[in-house]
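Shown below: model_32.cif, with mmCIF, C-alpha atoms.
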```
data_protein
#
loop_
_atom_site.label_atom_id
_atom_site.label_comp_id
_atom_site.auth_asym_id
_atom_site.auth_seq_id
_atom_site.Cartn_x
_atom_site.Cartn_y
_atom_site.Cartn_z
CA MET A 8 0.00 0.00 0.00
CA MET A 9 1.36 3.44 -0.97
CA PRO A 10 1.89 5.76 2.02
CA LYS A 11 -0.21 8.89 1.86
CA LEU A 12 1.75 12.00 0.84
CA SER A 13 1.50 14.81 3.34
CA ILE A 14 2.20 18.54 2.76
CA GLU A 15 5.41 18.07 4.75
CA HIS A 16 6.60 15.37 2.32
CA ILE A 17 5.85 17.56 -0.68
CA VAL A 18 7.63 20.60 0.81
CA LEU A 19 10.70 18.58 1.72
CA ALA A 20 10.76 17.00 -1.75
CA LEU A 21 10.61 20.51 -3.22
CA VAL A 22 13.48 21.66 -1.02
CA ILE A 23 15.57 18.68 -2.09
CA VAL A 24 14.81 19.08 -5.81
CA LEU A 25 15.46 22.85 -5.84
CA SER A 26 18.65 22.47 -3.81
CA PHE A 27 19.78 19.78 -6.24
CA ILE A 28 19.09 22.06 -9.22
CA ALA A 29 21.01 24.91 -7.54
CA LEU A 30 23.92 22.57 -6.86
CA ILE A 31 23.97 21.34 -10.46
CA LEU A 32 24.01 24.93 -11.74
CA MET A 33 26.83 25.77 -9.33
CA ALA A 34 28.77 22.69 -10.39
CA CYS A 35 28.49 23.68 -14.06
CA ALA A 36 29.77 27.21 -13.40
CA PRO A 37 33.42 28.18 -12.87
CA ALA A 38 34.33 28.33 -9.18
CA GLU A 39 35.21 32.02 -9.61
CA PHE A 40 31.50 32.88 -9.97
CA THR A 41 30.98 32.04 -6.34
CA ALA A 42 34.42 32.88 -4.97
CA GLY A 43 32.90 35.92 -3.31
CA LYS A 44 35.80 38.20 -4.07
CA VAL A 45 37.94 38.52 -7.14
CA VAL A 46 41.52 38.87 -6.00
CA TYR A 47 44.09 40.55 -8.22
CA GLN A 48 46.67 37.97 -9.19
CA GLY A 49 48.96 39.93 -11.44
CA PHE A 50 46.93 39.44 -14.61
CA MET B 28 20.63 15.68 15.30
CA ARG B 29 18.58 18.85 15.02
CA PRO B 30 16.32 18.91 11.96
CA ALA B 31 17.29 21.34 9.17
CA PHE B 32 13.96 23.14 9.43
CA SER B 33 12.03 23.88 12.60
CA SER B 34 8.69 23.55 10.84
CA THR B 35 7.11 22.78 7.51
CA LYS B 36 6.49 26.51 7.13
CA SER B 37 10.18 27.34 7.37
CA ALA B 38 10.99 24.58 4.86
CA ALA B 39 8.35 26.00 2.51
CA ALA B 40 9.78 29.52 2.94
CA PHE B 41 13.25 28.23 2.07
CA ALA B 42 11.91 26.40 -1.00
CA LEU B 43 10.11 29.55 -2.13
CA LEU B 44 13.24 31.68 -1.68
CA LEU B 45 15.28 29.19 -3.68
CA LEU B 46 12.65 29.05 -6.40
CA ILE B 47 12.56 32.85 -6.69
CA LEU B 48 16.35 33.15 -6.78
CA LEU B 49 16.64 30.47 -9.46
CA LEU B 50 13.87 31.92 -11.60
CA LEU B 51 14.78 35.60 -11.19
CA PRO B 52 16.83 35.93 -14.41
CA ALA B 53 14.03 34.35 -16.46
CA MET B 54 11.26 36.25 -14.63
CA ALA B 55 13.03 39.61 -14.88
CA GLY B 56 13.25 39.22 -18.65
CA ARG B 57 14.57 42.32 -20.32
CA SER B 58 12.01 44.90 -19.29
CA ARG B 59 12.66 44.66 -15.56
CA LEU B 60 16.44 44.94 -15.82
CA PRO B 61 18.20 48.31 -15.60
CA SER B 62 19.88 49.56 -18.77
CA ARG B 63 22.95 47.62 -19.82
CA ALA B 64 25.05 50.71 -19.17
CA VAL B 65 24.50 50.12 -15.44
CA SER B 66 26.06 46.65 -15.74
CA TYR B 67 29.29 48.24 -16.93
CA SER B 68 29.41 51.25 -14.64
CA SER B 69 29.00 49.09 -11.55
CA VAL B 70 32.02 46.85 -12.21
CA SER B 71 35.08 47.66 -10.14
CA PRO B 72 38.10 49.11 -11.98
CA ILE B 73 40.22 46.32 -10.50
CA MET B 74 38.55 44.01 -13.02
CA GLY B 75 39.38 46.13 -16.05
CA SER B 76 38.67 49.53 -17.51
CA PHE B 77 34.91 49.05 -17.13
CA PRO B 78 34.21 52.72 -16.31
CA TYR B 79 35.97 53.57 -19.59
CA LEU B 80 34.04 50.83 -21.41
CA HIS B 81 30.86 52.35 -20.02
CA ARG B 82 31.75 55.80 -21.31
CA GLN B 83 32.91 54.64 -24.73
CA ILE B 84 30.03 52.26 -25.37
CA PHE B 85 27.08 54.10 -23.87
CA GLU B 86 27.97 57.80 -23.69
CA GLU B 87 30.20 58.61 -26.66
CA THR B 88 28.48 58.49 -30.02
CA GLY B 89 30.97 59.19 -32.83
CA ARG B 90 32.59 56.73 -35.18
CA VAL B 91 35.56 54.74 -33.85
CA ASP B 92 38.47 54.35 -36.24
CA ILE B 93 40.31 51.57 -34.40
CA ALA B 94 39.22 49.71 -31.27
CA PHE B 95 41.62 47.41 -29.45
CA ILE B 96 39.40 44.97 -27.60
CA GLY B 97 40.47 42.17 -25.30
CA SER B 98 41.77 41.05 -21.97
CA SER B 99 44.91 42.05 -20.10
CA ARG B 100 47.38 41.63 -22.96
CA ILE B 101 45.47 44.14 -25.07
CA TYR B 102 44.93 46.28 -21.95
CA TYR B 103 48.65 46.44 -21.05
CA ASP B 104 50.40 46.06 -24.40
CA ILE B 105 48.97 48.88 -26.51
CA ALA B 106 50.00 52.51 -25.99
CA THR B 107 46.68 53.75 -27.34
CA PRO B 108 47.45 57.51 -27.22
CA LEU B 109 50.55 56.82 -29.34
CA MET B 110 48.49 54.84 -31.85
CA GLU B 111 45.86 57.57 -31.95
CA LYS B 112 48.50 60.24 -32.56
CA ALA B 113 50.03 58.24 -35.44
CA LEU B 114 46.63 57.68 -37.08
CA SER B 115 45.63 61.33 -36.60
CA GLU B 116 48.81 62.43 -38.37
CA LYS B 117 48.11 60.06 -41.23
CA LEU B 118 44.45 61.09 -41.60
CA GLY B 119 44.96 64.81 -41.06
CA ARG B 120 42.14 64.85 -38.52
CA LYS B 121 41.60 63.77 -34.94
CA ALA B 122 41.37 59.99 -35.07
CA GLU B 123 39.32 58.00 -32.58
CA VAL B 124 41.35 55.09 -31.24
CA ILE B 125 40.26 53.34 -28.06
CA THR B 126 41.19 50.33 -25.96
CA LEU B 127 38.50 48.32 -24.23
CA GLY B 128 40.37 46.07 -21.84
CA TRP B 129 39.61 43.82 -18.90
CA PHE B 130 41.34 41.09 -16.92
CA TRP B 131 41.35 37.34 -17.61
CA PRO B 132 41.13 36.02 -21.17
CA GLY B 133 38.07 34.62 -22.89
CA PHE B 134 36.35 34.87 -26.25
CA ASP B 135 32.95 35.22 -24.56
CA PRO B 136 33.58 38.73 -23.15
CA LEU B 137 35.15 39.63 -26.50
CA TYR B 138 31.85 38.74 -28.17
CA PHE B 139 29.43 40.23 -25.64
CA ILE B 140 31.35 43.49 -25.15
CA THR B 141 31.89 43.92 -28.90
CA GLN B 142 28.17 43.34 -29.38
CA ASP B 143 27.40 46.20 -27.00
CA LEU B 144 29.95 48.45 -28.69
CA LEU B 145 28.70 47.77 -32.22
CA GLN B 146 25.09 48.29 -31.16
CA HIS B 147 25.98 51.83 -30.18
CA ARG B 148 28.88 52.93 -32.36
CA GLN B 149 30.27 52.37 -35.82
CA VAL B 150 33.75 50.86 -35.64
CA ASP B 151 35.97 50.64 -38.69
CA MET B 152 38.57 48.21 -37.38
CA ILE B 153 38.85 45.95 -34.34
CA VAL B 154 42.20 44.62 -33.20
CA PHE B 155 42.06 41.58 -30.91
CA ASP B 156 44.38 38.81 -29.78
CA ASP B 157 44.15 35.12 -28.96
CA GLU B 158 41.78 35.00 -25.99
CA GLY B 159 41.45 31.25 -25.79
CA VAL B 160 42.86 29.30 -22.88
CA GLY B 161 40.19 27.90 -20.66
CA GLY B 162 37.19 26.56 -22.50
CA LYS B 163 34.82 27.62 -19.74
CA PRO B 164 32.69 30.71 -19.18
CA HIS B 165 34.62 33.83 -18.24
CA ARG B 166 34.80 34.57 -14.52
CA LEU B 167 33.31 38.04 -15.02
CA ALA B 168 30.27 36.66 -16.91
CA PRO B 169 27.91 37.64 -14.04
CA CYS B 170 28.90 41.26 -14.78
CA TRP B 171 27.93 41.35 -18.44
CA PHE B 172 25.83 38.26 -19.17
CA ARG B 173 22.17 38.99 -18.49
CA TYR B 174 19.67 36.32 -19.36
CA GLY B 175 17.07 38.83 -20.50
CA ASP B 176 19.50 40.36 -23.00
CA ASN B 177 21.73 37.49 -23.98
CA ALA B 178 19.76 34.23 -23.77
CA LYS B 179 19.58 34.01 -27.58
CA ASP B 180 23.39 33.95 -27.75
CA LEU B 181 23.46 30.64 -25.90
CA ALA B 182 21.76 28.79 -28.76
CA GLY B 183 23.89 25.90 -29.91
CA ILE B 184 26.34 25.78 -27.02
CA PRO B 185 26.48 22.65 -24.81
CA LEU B 186 23.85 22.44 -22.06
CA GLN B 187 26.52 22.39 -19.34
CA PHE B 188 27.72 25.84 -20.42
CA GLN B 189 24.19 27.16 -20.89
CA ALA B 190 23.62 26.17 -17.25
CA ALA B 191 26.82 27.95 -16.23
CA TYR B 192 25.82 31.21 -17.93
CA TYR B 193 22.33 30.97 -16.43
CA PHE B 194 23.90 30.56 -13.01
CA GLY B 195 26.10 33.58 -13.80
CA ALA B 196 22.90 35.52 -14.48
CA VAL B 197 21.52 34.35 -11.11
CA ILE B 198 24.69 35.57 -9.39
CA GLY B 199 24.50 38.88 -11.26
CA MET B 200 20.85 39.59 -10.39
CA PRO B 201 21.43 41.35 -7.04
CA ARG B 202 23.82 43.78 -8.76
CA ASN B 203 21.26 44.41 -11.50
CA LEU B 204 18.37 44.84 -9.09
CA LEU B 205 20.44 47.26 -7.04
CA GLY B 206 21.19 49.18 -10.25
CA ARG B 207 17.45 49.39 -10.82
CA LEU B 208 16.91 50.88 -7.38
CA ARG B 209 19.82 53.28 -7.44
CA PRO B 210 22.10 54.17 -10.39
CA ASN B 211 25.82 54.00 -9.91
CA PHE B 212 28.01 57.13 -9.77
CA SER B 213 28.22 58.59 -13.26
CA ASP B 214 31.99 58.84 -13.00
CA LEU B 215 34.74 57.24 -10.95
CA THR B 216 35.15 58.47 -7.40
CA PRO B 217 38.63 59.85 -6.57
CA ALA B 218 39.42 56.53 -4.85
CA GLY B 219 38.24 54.60 -7.92
CA ALA B 220 40.26 56.82 -10.24
CA ALA B 221 43.37 56.14 -8.14
CA THR B 222 42.96 52.34 -8.35
CA THR B 223 45.25 51.80 -11.32
CA GLU B 224 47.93 54.09 -9.85
CA ARG B 225 47.79 52.13 -6.59
CA LEU B 226 47.82 48.64 -8.10
CA TRP B 227 49.72 49.01 -11.35
CA ARG B 228 51.41 52.42 -11.12
CA ALA B 229 49.44 53.42 -14.18
CA PRO B 230 47.45 56.58 -14.80
CA ASN B 231 43.68 56.31 -14.83
CA PRO B 232 42.84 54.53 -18.14
CA MET B 233 40.17 57.20 -18.68
CA THR B 234 43.08 59.56 -19.43
CA ALA B 235 45.02 57.08 -21.59
CA ARG B 236 42.32 56.12 -24.13
CA GLY B 237 41.55 53.04 -22.06
CA SER B 238 45.04 51.53 -21.96
CA LEU B 239 46.92 50.50 -18.84
CA ALA B 240 50.30 52.20 -19.10
CA SER B 241 51.90 50.40 -16.18
CA LYS B 242 55.14 51.61 -14.65
CA LEU B 243 55.91 48.35 -12.85
CA GLY B 244 59.18 46.48 -13.09
CA PHE B 245 59.36 42.83 -14.11
CA ASN B 246 57.47 40.42 -11.86
CA HIS B 247 56.36 43.19 -9.56
CA PRO B 248 54.61 41.10 -6.87
CA ASN B 249 57.93 39.33 -6.27
CA PRO B 250 59.91 41.22 -3.58
CA GLN B 251 63.06 40.67 -5.66
CA HIS B 252 61.62 42.47 -8.67
CA PRO B 253 64.08 44.90 -10.26
CA GLY B 254 61.84 47.98 -10.21
CA PHE B 255 60.77 50.10 -13.14
CA VAL B 256 63.29 52.12 -15.13
CA ASP B 257 62.45 54.20 -18.17
CA TYR B 258 63.90 52.32 -21.12
CA ALA B 259 63.55 52.63 -24.88
CA PRO B 260 65.41 49.97 -26.91
CA ALA B 261 67.88 51.44 -29.37
CA ASN B 262 68.36 48.26 -31.38
CA GLY B 263 67.40 49.70 -34.75
CA VAL B 264 64.34 47.48 -35.26
CA ARG B 265 62.06 49.18 -37.81
CA PRO B 266 58.33 48.91 -38.49
CA GLU B 267 59.20 46.94 -41.63
CA ALA B 268 59.83 43.99 -39.26
CA VAL B 269 56.07 43.62 -38.81
CA CYS B 270 54.57 40.68 -40.70
CA VAL B 271 51.03 40.66 -42.04
CA PHE B 272 50.11 37.10 -42.97
CA SER B 273 50.15 36.48 -46.73
CA PRO B 274 51.64 33.81 -49.02
CA ALA B 275 54.84 35.89 -49.03
CA THR B 276 55.13 35.95 -45.22
CA ARG B 277 53.74 32.43 -44.63
CA ALA B 278 57.14 31.14 -43.43
CA LYS B 279 57.23 33.74 -40.65
CA PHE B 280 54.16 32.16 -38.98
CA GLN B 281 53.86 28.83 -37.21
CA PHE B 282 50.55 27.35 -36.08
CA THR B 283 51.13 25.32 -32.99
CA GLY B 284 47.79 24.56 -31.31
CA PRO B 285 46.37 23.50 -28.93
CA ALA B 286 43.09 23.67 -30.81
CA THR B 287 40.47 26.12 -29.68
CA THR B 288 37.70 24.48 -27.64
CA SER B 289 34.17 24.27 -29.02
CA LEU B 290 32.86 26.87 -26.55
CA GLU B 291 35.60 29.33 -27.52
CA LEU B 292 35.07 28.64 -31.22
CA ASP B 293 31.37 29.31 -30.86
CA PHE B 294 31.92 32.75 -29.37
CA VAL B 295 34.86 33.76 -31.55
CA ARG B 296 32.85 32.86 -34.67
CA LYS B 297 29.90 34.86 -33.38
CA PHE B 298 32.30 37.74 -32.76
CA ALA B 299 33.61 37.50 -36.35
CA ALA B 300 30.10 37.29 -37.83
CA LEU B 301 29.06 40.31 -35.80
CA ALA B 302 32.03 42.32 -37.06
CA GLN B 303 31.33 41.32 -40.64
CA ALA B 304 27.67 42.31 -40.29
CA HIS B 305 28.82 45.78 -39.23
CA GLN B 306 31.50 46.03 -41.97
CA THR B 307 34.19 46.14 -39.31
CA ARG B 308 37.63 44.90 -40.30
CA LEU B 309 39.23 42.36 -37.97
CA VAL B 310 42.92 42.19 -37.14
CA CYS B 311 44.39 39.50 -34.91
CA LEU B 312 47.56 40.79 -33.29
CA HIS B 313 50.27 38.53 -31.89
CA MET B 314 51.35 39.79 -28.47
CA PRO B 315 54.96 39.44 -27.30
CA GLU B 316 55.98 37.40 -24.25
CA THR B 317 59.31 36.75 -22.59
CA GLY B 318 59.07 32.97 -23.07
CA GLU B 319 59.29 33.47 -26.84
CA MET B 320 61.93 36.19 -26.88
CA ARG B 321 64.40 34.26 -29.08
CA VAL B 322 61.87 32.48 -31.30
CA PRO B 323 62.38 33.43 -34.96
CA VAL B 324 58.74 32.91 -36.02
CA ILE B 325 55.33 34.16 -34.89
CA LYS B 326 53.71 31.29 -33.01
CA GLU B 327 49.92 31.36 -33.16
CA ARG B 328 47.68 28.62 -31.84
CA GLU B 329 45.40 28.76 -34.85
CA PHE B 330 45.22 30.02 -38.40
CA TRP B 331 42.52 32.47 -37.38
CA PRO B 332 40.84 33.08 -40.77
CA ASP B 333 39.99 29.34 -40.83
CA ALA B 334 39.03 29.16 -37.17
CA LEU B 335 36.80 32.22 -37.40
CA GLN B 336 35.51 31.36 -40.89
CA ALA B 337 35.98 35.01 -41.69
CA GLU B 338 38.42 37.46 -43.18
CA VAL B 339 40.96 38.29 -40.49
CA ALA B 340 44.33 39.94 -40.99
CA MET B 341 47.02 38.34 -38.84
CA VAL B 342 49.75 40.67 -37.69
CA GLY B 343 52.83 40.19 -35.55
CA ILE B 344 56.56 40.62 -35.22
CA PRO B 345 58.80 37.55 -34.95
CA PRO B 346 60.01 37.80 -31.33
CA ALA B 347 63.68 37.24 -32.19
CA THR B 348 63.42 40.25 -34.52
CA LEU B 349 61.45 42.37 -32.04
CA PHE B 350 64.05 41.82 -29.33
CA ALA B 351 67.12 41.65 -31.60
CA GLY B 352 70.25 43.07 -29.99
CA LEU B 353 68.71 43.14 -26.49
CA SER B 354 69.98 41.08 -23.58
CA ASP B 355 67.48 39.04 -21.55
CA GLU B 356 67.70 41.67 -18.83
CA GLU B 357 66.95 44.47 -21.29
CA VAL B 358 63.96 42.56 -22.65
CA ARG B 359 62.58 42.21 -19.12
CA LYS B 360 62.73 46.01 -18.72
CA LEU B 361 59.85 46.04 -21.22
CA PHE B 362 57.61 43.68 -19.23
CA VAL B 363 55.53 43.66 -16.04
CA ASN B 364 55.54 39.87 -16.06
CA PRO B 365 56.17 37.17 -18.70
CA LEU B 366 52.92 37.89 -20.54
CA HIS B 367 52.39 41.64 -20.19
CA LEU B 368 54.32 44.68 -21.37
CA ASN B 369 54.84 47.70 -19.15
CA GLN B 370 54.80 51.26 -20.44
CA ASN B 371 58.30 50.87 -21.93
CA GLY B 372 57.23 47.78 -23.84
CA ALA B 373 53.84 49.12 -24.89
CA GLU B 374 55.40 52.23 -26.40
CA TYR B 375 58.12 50.23 -28.17
CA PHE B 376 55.68 47.61 -29.50
CA THR B 377 53.01 50.14 -30.53
CA SER B 378 55.47 52.38 -32.36
CA LEU B 379 56.52 49.37 -34.45
CA ILE B 380 53.07 47.97 -35.27
CA ALA B 381 51.34 51.32 -35.83
CA PRO B 382 52.32 51.79 -39.52
CA SER B 383 51.08 48.29 -40.46
CA LEU B 384 47.81 48.77 -38.59
CA ILE B 385 47.33 52.14 -40.27
CA GLN B 386 47.96 50.52 -43.64
CA LEU B 387 45.32 47.85 -42.90
CA TYR B 388 42.93 50.54 -41.72
CA ASP B 389 43.58 52.55 -44.89
CA ALA B 390 42.89 49.57 -47.10
CA GLN B 391 39.62 48.91 -45.32
CA VAL B 392 38.11 52.35 -44.92
CA LYS B 393 36.81 54.44 -47.77
CA HIS B 394 37.65 58.00 -46.76
#
```
Take the structure in this file and express it as structure tokens.
Amino acid sequence: MMPKLSIEHIVLALVIVLSFIALILMACAPAEFTAGKVVYQGF
Amino acid sequence: MRPAFSSTKSAAAFALLLLILLLLPAMAGRSRLPSRAVSYSSVSPIMGSFPYLHRQIFEETGRVDIAFIGSSRIYYDIATPLMEKALSEKLGRKAEVITLGWFWPGFDPLYFITQDLLQHRQVDMIVFDDEGVGGKPHRLAPCWFRYGDNAKDLAGIPLQFQAAYYFGAVIGMPRNLLGRLRPNFSDLTPAGAATTERLWRAPNPMTARGSLASKLGFNHPNPQHPGFVDYAPANGVRPEAVCVFSPATRAKFQFTGPATTSLELDFVRKFAALAQAHQTRLVCLHMPETGEMRVPVIKEREFWPDALQAEVAMVGIPPATLFAGLSDEEVRKLFVNPLHLNQNGAEYFTSLIAPSLIQLYDAQVKH
């Protein structure tokens, strides 16, 4: 028998899916996008 | 272990926040973004001459005779006022020669920034250099890539990179939204104007046609660096040493690879197509570096007319000729570091290439 989905399950699933999407986007991007501060390195 | 969220409500609020942040670039579209000029004016001068880019692209309106566009090697290596003076003398009128430079190489900023320039101003000739090294989106993409403006330019590039640019747009949204609420200063603050003097001992690029005339000695960050000394080589090298690629000069060029990555090719071809659509002549200039100082040929990674699928003049000076008669130590007096010229080098290099660039400009432009 399938357990009944509660609002809590749906919200947590949404949190997980959105976090996963954000992580995938971050993983695709160069680390410098999220480095916080661009430091002058002589170039 | 404590749960991540104290209640379902707080979990829902977090999910909503994440959803809004991720969708903001798509939801903002184009109409809710501030003008593109704001994107440029709000970038720090430590990342390039963005305040000058802002002025030249969005405030000035006249025709540009020659624009040097590219990352740090273009930014450091061209003495733009010298080039402008030479062209003005040739034309018998005040020429308009500018440098639009920034830090860190990449063909994607070359394309997006040129697109902004050509949308606002007619440019007769663009001089650029090999910007390919990384094969990934440029680190300053959040500053100039806006999904509402540029989504169409992502067509055809791999999904992984489309995701990266979209994420760049997410990162750039707070800056854009802030620009919507409050415009940036219209000009550099005194502290901003002093940035290049402080970091590179160079006058404000606003006063040097956008170029970074650095008075740093070789390998400046190194405590053992020799310090800057005014130096002009007296080795008798003449502008005739400059090679413009043709069947007659073929032997002076060597194409070494590595091949340009597909992402870089995509943007550099878009850049070339854009220039052609605006009847702008393209010149790819080989920049000197200390590692090649005794090499007798001009080493380029690619034969650029083939890579760009467009007409591109390739120009350079064989390094062994450029530095003929100079000791290694004298050559280093022309450089800030192995890849970038200081003011000595920029003036020496520009004085040699100027006649050839003027000749190419002359052949292109109907006066």
Contact set, chain A to chain B: 6 Å, all atoms listed in the file, as a PDB file with C-alpha atoms, keeping the file's coordinate frame:
```pdb
ATOM      1  CA  GLU A  15       5.410  18.070   4.750  1.00  0.00           C
ATOM      2  CA  VAL A  18       7.630  20.600   0.810  1.00  0.00           C
ATOM      3  CA  VAL A  22      13.480  21.660  -1.020  1.00  0.00           C
ATOM      4  CA  LEU A  32      24.010  24.930 -11.740  1.00  0.00           C
ATOM      5  CA  CYS A  35      28.490  23.680 -14.060  1.00  0.00           C
ATOM      6  CA  ALA A  36      29.770  27.210 -13.400  1.00  0.00           C
ATOM      7  CA  GLU A  39      35.210  32.020  -9.610  1.00  0.00           C
ATOM      8  CA  PHE A  40      31.500  32.880  -9.970  1.00  0.00           C
TER       9      PHE A  40
END
```
Write out, as a tab-separated table, each residue of region 228-331 of chain B that has an atom at most 7 Å from region 373-384 of chain B, together with the closest pair of atoms and their distance in Å to one decimal, counting all atoms listed in the file, rows going by chain and rising number.
```
residue	atom	partner	partner_atom	distance
B:Ala259	CA	B:Tyr375	CA	6.8
B:Arg265	CA	B:Leu379	CA	6.5
B:Pro266	CA	B:Leu379	CA	4.5
B:Val269	CA	B:Ile380	CA	6.4
```
I would like the residues chosen by the PyMOL selection byres ((chain B and resi 340-343) around 7) on the shown file; could you give them as a compact mmCIF listing (two decimals) with C-alpha atoms, in the coordinates of the input?
```txt
# COMPACT_ATOMS: atom_id res chain seq x y z
CA VAL B 269 56.07 43.62 -38.81
CA CYS B 270 54.57 40.68 -40.70
CA VAL B 271 51.03 40.66 -42.04
CA PHE B 272 50.11 37.10 -42.97
CA LEU B 309 39.23 42.36 -37.97
CA VAL B 310 42.92 42.19 -37.14
CA CYS B 311 44.39 39.50 -34.91
CA LEU B 312 47.56 40.79 -33.29
CA HIS B 313 50.27 38.53 -31.89
CA ILE B 325 55.33 34.16 -34.89
CA GLU B 338 38.42 37.46 -43.18
CA VAL B 339 40.96 38.29 -40.49
CA ILE B 344 56.56 40.62 -35.22
CA PRO B 345 58.80 37.55 -34.95
```
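Distances from B:Glu329, B:Asp135, B:Glu116, B:Asp151 to Ala94 (chain B) were compared using only C-alpha atoms, and the smallest one belongs to B:Asp151.
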With only C-alpha atoms as the atoms that count, which of B:His252, B:Thr288, B:Thr234, B:Asp104 lies nearest to Pro315 (chain B)?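 Of B:His252, B:Thr288, B:Thr234, B:Asp104, the one nearest Pro315 (chain B), counting only C-alpha atoms, is B:Asp104.
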List as an mmCIF file with C-alpha atoms, in the frame of the given file: which residues have an atom within 9 Å of (60.0, 44.0, -13.9), counting only C-alpha atoms?
```
data_model
loop_
_atom_site.group_PDB
_atom_site.id
_atom_site.type_symbol
_atom_site.label_atom_id
_atom_site.label_comp_id
_atom_site.auth_asym_id
_atom_site.auth_seq_id
_atom_site.Cartn_x
_atom_site.Cartn_y
_atom_site.Cartn_z
ATOM 1 C CA LEU B 243 55.910 48.350 -12.850
ATOM 2 C CA GLY B 244 59.180 46.480 -13.090
ATOM 3 C CA PHE B 245 59.360 42.830 -14.110
ATOM 4 C CA ASN B 246 57.470 40.420 -11.860
ATOM 5 C CA HIS B 247 56.360 43.190 -9.560
ATOM 6 C CA HIS B 252 61.620 42.470 -8.670
ATOM 7 C CA PRO B 253 64.080 44.900 -10.260
ATOM 8 C CA GLY B 254 61.840 47.980 -10.210
ATOM 9 C CA PHE B 255 60.770 50.100 -13.140
ATOM 10 C CA VAL B 256 63.290 52.120 -15.130
ATOM 11 C CA ARG B 359 62.580 42.210 -19.120
ATOM 12 C CA LYS B 360 62.730 46.010 -18.720
ATOM 13 C CA LEU B 361 59.850 46.040 -21.220
ATOM 14 C CA PHE B 362 57.610 43.680 -19.230
ATOM 15 C CA VAL B 363 55.530 43.660 -16.040
ATOM 16 C CA ASN B 364 55.540 39.870 -16.060
ATOM 17 C CA ASN B 369 54.840 47.700 -19.150
#
```
Please, what distance in Å, to one decimal, runs between CA of Leu239 (chain B) and CA of Trp171 (chain B)?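 Rounded to one decimal, the two atoms are 21.1 Å apart.
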Could you state the separation of CA of Ser66 (chain B) and CA of Phe172 (chain B) in Å, given to one decimal place? 9.1 Å
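Near Pro230 (chain B), within a cut-off of 7 Å and counting all atoms listed in the file, sit the residues Thr223, Glu224 and Ala240 of chain B, with same-chain residues fewer than 6 positions away left out.
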Run the PyMOL selection byres ((chain B and resi 80-85) around 10) mentally over the shown coordinates, then write out the matched residues as a VMD selection string, using the chain letters and numbers from the document. chain B and resid 62 to 70 75 to 79 86 to 89 91 125 to 129 140 to 148 213 to 214 233 236 to 237
Atoms to include: C-alpha atoms. Write the selected residues as a short mmCIF file (atom, residue, chain, number, x, y, z; two decimals), in the coordinates of the input.
```cif
data_model
loop_
_atom_site.label_atom_id
_atom_site.label_comp_id
_atom_site.auth_asym_id
_atom_site.auth_seq_id
_atom_site.Cartn_x
_atom_site.Cartn_y
_atom_site.Cartn_z
CA SER B 62 19.88 49.56 -18.77
CA ARG B 63 22.95 47.62 -19.82
CA ALA B 64 25.05 50.71 -19.17
CA VAL B 65 24.50 50.12 -15.44
CA SER B 66 26.06 46.65 -15.74
CA TYR B 67 29.29 48.24 -16.93
CA SER B 68 29.41 51.25 -14.64
CA SER B 69 29.00 49.09 -11.55
CA VAL B 70 32.02 46.85 -12.21
CA GLY B 75 39.38 46.13 -16.05
CA SER B 76 38.67 49.53 -17.51
CA PHE B 77 34.91 49.05 -17.13
CA PRO B 78 34.21 52.72 -16.31
CA TYR B 79 35.97 53.57 -19.59
CA GLU B 86 27.97 57.80 -23.69
CA GLU B 87 30.20 58.61 -26.66
CA THR B 88 28.48 58.49 -30.02
CA GLY B 89 30.97 59.19 -32.83
CA VAL B 91 35.56 54.74 -33.85
CA ILE B 125 40.26 53.34 -28.06
CA THR B 126 41.19 50.33 -25.96
CA LEU B 127 38.50 48.32 -24.23
CA GLY B 128 40.37 46.07 -21.84
CA TRP B 129 39.61 43.82 -18.90
CA ILE B 140 31.35 43.49 -25.15
CA THR B 141 31.89 43.92 -28.90
CA GLN B 142 28.17 43.34 -29.38
CA ASP B 143 27.40 46.20 -27.00
CA LEU B 144 29.95 48.45 -28.69
CA LEU B 145 28.70 47.77 -32.22
CA GLN B 146 25.09 48.29 -31.16
CA HIS B 147 25.98 51.83 -30.18
CA ARG B 148 28.88 52.93 -32.36
CA SER B 213 28.22 58.59 -13.26
CA ASP B 214 31.99 58.84 -13.00
CA MET B 233 40.17 57.20 -18.68
CA ARG B 236 42.32 56.12 -24.13
CA GLY B 237 41.55 53.04 -22.06
#
```
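Interatomic distance, CA of Val24 (chain A) to CA of Met54 (chain B): 19.6 Å.
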Got a minute to add N, CA and C atoms to region 254-258 of chain B and dump it as an mmCIF file, keeping the file's coordinate frame?
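The file below, rebuild-v9.cif, is the result:
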```
data_model
loop_
_atom_site.group_PDB
_atom_site.id
_atom_site.type_symbol
_atom_site.label_atom_id
_atom_site.label_comp_id
_atom_site.auth_asym_id
_atom_site.auth_seq_id
_atom_site.Cartn_x
_atom_site.Cartn_y
_atom_site.Cartn_z
ATOM 1 N N GLY B 254 62.311 46.596 -10.202
ATOM 2 C CA GLY B 254 61.840 47.980 -10.210
ATOM 3 C C GLY B 254 61.783 48.516 -11.624
ATOM 4 N N PHE B 255 60.972 49.548 -11.798
ATOM 5 C CA PHE B 255 60.770 50.100 -13.140
ATOM 6 C C PHE B 255 61.833 51.134 -13.456
ATOM 7 N N VAL B 256 62.411 51.036 -14.649
ATOM 8 C CA VAL B 256 63.290 52.120 -15.130
ATOM 9 C C VAL B 256 62.842 52.484 -16.534
ATOM 10 N N ASP B 257 62.793 53.779 -16.807
ATOM 11 C CA ASP B 257 62.450 54.200 -18.170
ATOM 12 C C ASP B 257 63.470 53.605 -19.124
ATOM 13 N N TYR B 258 62.981 52.982 -20.185
ATOM 14 C CA TYR B 258 63.900 52.320 -21.120
ATOM 15 C C TYR B 258 63.268 52.255 -22.504
#
```
